[in-house]
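Take a look at the structure below.
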Amino acid sequence: TVYPSWSVANIDITFEKSEGIQGYINTIDRICQAASQAIADDNQIIILSDVATSAERLPISALIAVGAVHHHLVRQKQRSKVALIIETQEAKEVHHACCLVGYGADAINPYLAMETLVRMKHQGLLKNESLTEEKIIQNYKGSIDAGILKVMSKMGISTLASYKGAQIFEALGIDNSVIDRCFAGTASRIKGVTFEYIAQDAFTLHERGYPTRDTIKPIGLPETG
């Protein structure tokens, strides 16, 4: 169904590399304020997007963005007024999608995963060469949906609405400062990384994609486990 009268607010979840680690933390504040402003401006849909990522701009984690905005709006008693869509290069597999939905996303656009699959077709890396681009994307979406359904059914949850924002996870190695801000209510028994560590990780990953000095790169990316 199309709702042409629904207006959409786009919120950029990237920040300038020059802002450093503090820029990561400031971005969380900025997108929460932008979400409240989007509701004040009478938008029905909010899209959190990291498409502006470049050599000069870093994205904050999609899960942190969704969790922070979701809980900010819950605290402001405004969450039910908007749909929250995350447009991210970070989400690739079923677990990523489950986490995003479980922490409040209404829809996910994993654009990088889909672009990668299409590129693999053009490079002749897919076994079944008869697949069209549309069919490849359809298969990917189907497998992610089926994966979410399987996870939900293992939890004994029958509808997606019951799973969305239900946070039926336990955090391992995440500090309370992060939990309280983005994943409030999730059990985290062994504490762990703060926003500073998470931001450092983002800079390390960004450095791999956009090295500040010339490096000889191996053909494949390292397996991160």
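Identifiers in this document derive from the order of the structure tokens: chains are assigned A, B, ..., residues are numbered from 1 separately in each chain, and ligands are numbered from 1 in order of occurrence.
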Per-residue DSSP, segment 30-220 of chain A, filtered to strand (DSSP E or B), as a count of residues only: 20
Leu205 of chain A surroundings by only C-alpha atoms, 12 Å radius, close-in-sequence under 3 positions cut, as an NGL selection string: :A and (55 or 58-61 or 90 or 198-202 or 208-211 or 221-222 or 224)
I need the chosen residues saved as a PDB file, in the first residue's frame, with N, CA, C and O atoms.
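Written out: again-v1.pdb:
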```
ATOM      1  N   ALA A  55      35.680   9.162   2.382  1.00  0.00           N
ATOM      2  CA  ALA A  55      37.027   9.234   2.968  1.00  0.00           C
ATOM      3  C   ALA A  55      37.062  10.228   4.122  1.00  0.00           C
ATOM      4  O   ALA A  55      37.827  10.069   5.061  1.00  0.00           O
ATOM      5  N   LEU A  58      32.701   9.372   8.619  1.00  0.00           N
ATOM      6  CA  LEU A  58      32.525   8.039   9.209  1.00  0.00           C
ATOM      7  C   LEU A  58      31.082   7.861   9.639  1.00  0.00           C
ATOM      8  O   LEU A  58      30.456   8.805  10.129  1.00  0.00           O
ATOM      9  N   PRO A  59      30.554   6.630   9.537  1.00  0.00           N
ATOM     10  CA  PRO A  59      29.218   6.380  10.079  1.00  0.00           C
ATOM     11  C   PRO A  59      29.320   5.914  11.535  1.00  0.00           C
ATOM     12  O   PRO A  59      30.306   5.290  11.917  1.00  0.00           O
ATOM     13  N   ILE A  60      28.308   6.232  12.338  1.00  0.00           N
ATOM     14  CA  ILE A  60      28.240   5.565  13.636  1.00  0.00           C
ATOM     15  C   ILE A  60      27.555   4.221  13.383  1.00  0.00           C
ATOM     16  O   ILE A  60      26.954   4.004  12.337  1.00  0.00           O
ATOM     17  N   SER A  61      27.665   3.311  14.342  1.00  0.00           N
ATOM     18  CA  SER A  61      27.073   1.984  14.174  1.00  0.00           C
ATOM     19  C   SER A  61      25.561   2.088  13.967  1.00  0.00           C
ATOM     20  O   SER A  61      24.877   2.841  14.664  1.00  0.00           O
ATOM     21  N   GLU A  90      26.091  -1.554   7.153  1.00  0.00           N
ATOM     22  CA  GLU A  90      26.583  -2.437   8.214  1.00  0.00           C
ATOM     23  C   GLU A  90      25.832  -3.762   8.258  1.00  0.00           C
ATOM     24  O   GLU A  90      26.408  -4.801   8.582  1.00  0.00           O
ATOM     25  N   ILE A 198      34.055   1.876  21.131  1.00  0.00           N
ATOM     26  CA  ILE A 198      33.258   1.616  19.929  1.00  0.00           C
ATOM     27  C   ILE A 198      33.660   2.608  18.822  1.00  0.00           C
ATOM     28  O   ILE A 198      33.799   2.234  17.656  1.00  0.00           O
ATOM     29  N   ALA A 199      33.887   3.861  19.216  1.00  0.00           N
ATOM     30  CA  ALA A 199      34.312   4.885  18.250  1.00  0.00           C
ATOM     31  C   ALA A 199      35.696   4.558  17.686  1.00  0.00           C
ATOM     32  O   ALA A 199      35.938   4.689  16.488  1.00  0.00           O
ATOM     33  N   GLN A 200      36.603   4.093  18.563  1.00  0.00           N
ATOM     34  CA  GLN A 200      37.948   3.715  18.099  1.00  0.00           C
ATOM     35  C   GLN A 200      37.862   2.606  17.055  1.00  0.00           C
ATOM     36  O   GLN A 200      38.571   2.625  16.046  1.00  0.00           O
ATOM     37  N   ASP A 201      36.966   1.633  17.296  1.00  0.00           N
ATOM     38  CA  ASP A 201      36.737   0.550  16.327  1.00  0.00           C
ATOM     39  C   ASP A 201      36.293   1.101  14.983  1.00  0.00           C
ATOM     40  O   ASP A 201      36.732   0.653  13.928  1.00  0.00           O
ATOM     41  N   ALA A 202      35.383   2.082  15.032  1.00  0.00           N
ATOM     42  CA  ALA A 202      34.864   2.687  13.800  1.00  0.00           C
ATOM     43  C   ALA A 202      35.995   3.360  13.020  1.00  0.00           C
ATOM     44  O   ALA A 202      36.072   3.237  11.795  1.00  0.00           O
ATOM     45  N   ARG A 208      40.894   1.161   7.290  1.00  0.00           N
ATOM     46  CA  ARG A 208      41.096   0.043   6.347  1.00  0.00           C
ATOM     47  C   ARG A 208      40.493   0.341   4.991  1.00  0.00           C
ATOM     48  O   ARG A 208      41.049  -0.006   3.956  1.00  0.00           O
ATOM     49  N   GLY A 209      39.322   0.968   5.029  1.00  0.00           N
ATOM     50  CA  GLY A 209      38.640   1.266   3.765  1.00  0.00           C
ATOM     51  C   GLY A 209      39.220   2.465   3.048  1.00  0.00           C
ATOM     52  O   GLY A 209      39.282   2.507   1.823  1.00  0.00           O
ATOM     53  N   TYR A 210      39.629   3.466   3.833  1.00  0.00           N
ATOM     54  CA  TYR A 210      40.192   4.695   3.259  1.00  0.00           C
ATOM     55  C   TYR A 210      41.532   4.985   3.945  1.00  0.00           C
ATOM     56  O   TYR A 210      41.600   5.856   4.816  1.00  0.00           O
ATOM     57  N   PRO A 211      42.597   4.263   3.582  1.00  0.00           N
ATOM     58  CA  PRO A 211      43.888   4.444   4.274  1.00  0.00           C
ATOM     59  C   PRO A 211      44.417   5.872   4.103  1.00  0.00           C
ATOM     60  O   PRO A 211      44.297   6.455   3.031  1.00  0.00           O
ATOM     61  N   LEU A 221      39.709  -9.179   2.193  1.00  0.00           N
ATOM     62  CA  LEU A 221      39.707  -8.534   3.491  1.00  0.00           C
ATOM     63  C   LEU A 221      39.995  -9.562   4.563  1.00  0.00           C
ATOM     64  O   LEU A 221      39.634 -10.730   4.424  1.00  0.00           O
ATOM     65  N   PRO A 222      40.648  -9.160   5.672  1.00  0.00           N
ATOM     66  CA  PRO A 222      40.922 -10.126   6.734  1.00  0.00           C
ATOM     67  C   PRO A 222      39.628 -10.632   7.366  1.00  0.00           C
ATOM     68  O   PRO A 222      38.654  -9.894   7.445  1.00  0.00           O
ATOM     69  N   THR A 224      37.342 -11.305  10.234  1.00  0.00           N
ATOM     70  CA  THR A 224      37.307 -10.718  11.575  1.00  0.00           C
ATOM     71  C   THR A 224      36.600 -11.613  12.591  1.00  0.00           C
ATOM     72  O   THR A 224      36.461 -11.246  13.747  1.00  0.00           O
TER      73      THR A 224
END
```
Residue neighbourhood segment 34-39 of chain A, 8 Å, only C-alpha atoms, exclusion window fewer than 3 positions, as a VMD selection string: chain A and resid 9 11 30 to 31 42 to 44 46 69 73 78 81 to 82
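Residues surrounding Leu160 of chain A within 10 Å are Val101, Gly102, Asp106, Ile148, Leu149, Met152, Gly165 and Ala166 of chain A [only C-alpha atoms; sequence separation below 5 positions excluded].
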In segment 80-148 of chain A, DSSP helix (DSSP H, G or I) residues written as a ChimeraX atom specification: /A:80-81,94-102,111-122,133-148
Selection: 12 Å around Tyr197 of chain A, only C-alpha atoms, excl. self and same-chain fewer than 2 positions, as a VMD selection string: chain A and resid 21 to 22 24 to 25 173 to 175 177 to 178 192 to 195 199 to 204
Val94 of chain A surroundings by only C-alpha atoms, 12 Å radius, close-in-sequence under 4 positions cut, as a ChimeraX atom specification: /A:90,98-102,108,110,113,140-152
Pick from A:Glu223, A:Leu112, A:Ala161, A:Gln167 nearest to Gly185 of chain A, counting only C-alpha atoms: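 Once distances to Gly185 of chain A are computed over only C-alpha atoms, the minimum belongs to A:Gln167.
In this structure, atom CA of Arg79 of chain A sits 27.2 Å away from atom CA of Lys154 of chain A.
Atom to atom, atom CA of His206 of chain A and atom CA of Met120 of chain A stand 22.7 Å apart.
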Selected residue, from A:Ile179, A:Ile136, A:Leu126, A:Val8, that lies nearest to Leu63 of chain A when counting only C-alpha atoms: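 Distance minimum relative to Leu63 of chain A lands on A:Ile179.
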Within 8 Å of Asn10 of chain A using only C-alpha atoms, minus same-chain residues under 3 positions, as number ranges by chain: A: 46-49
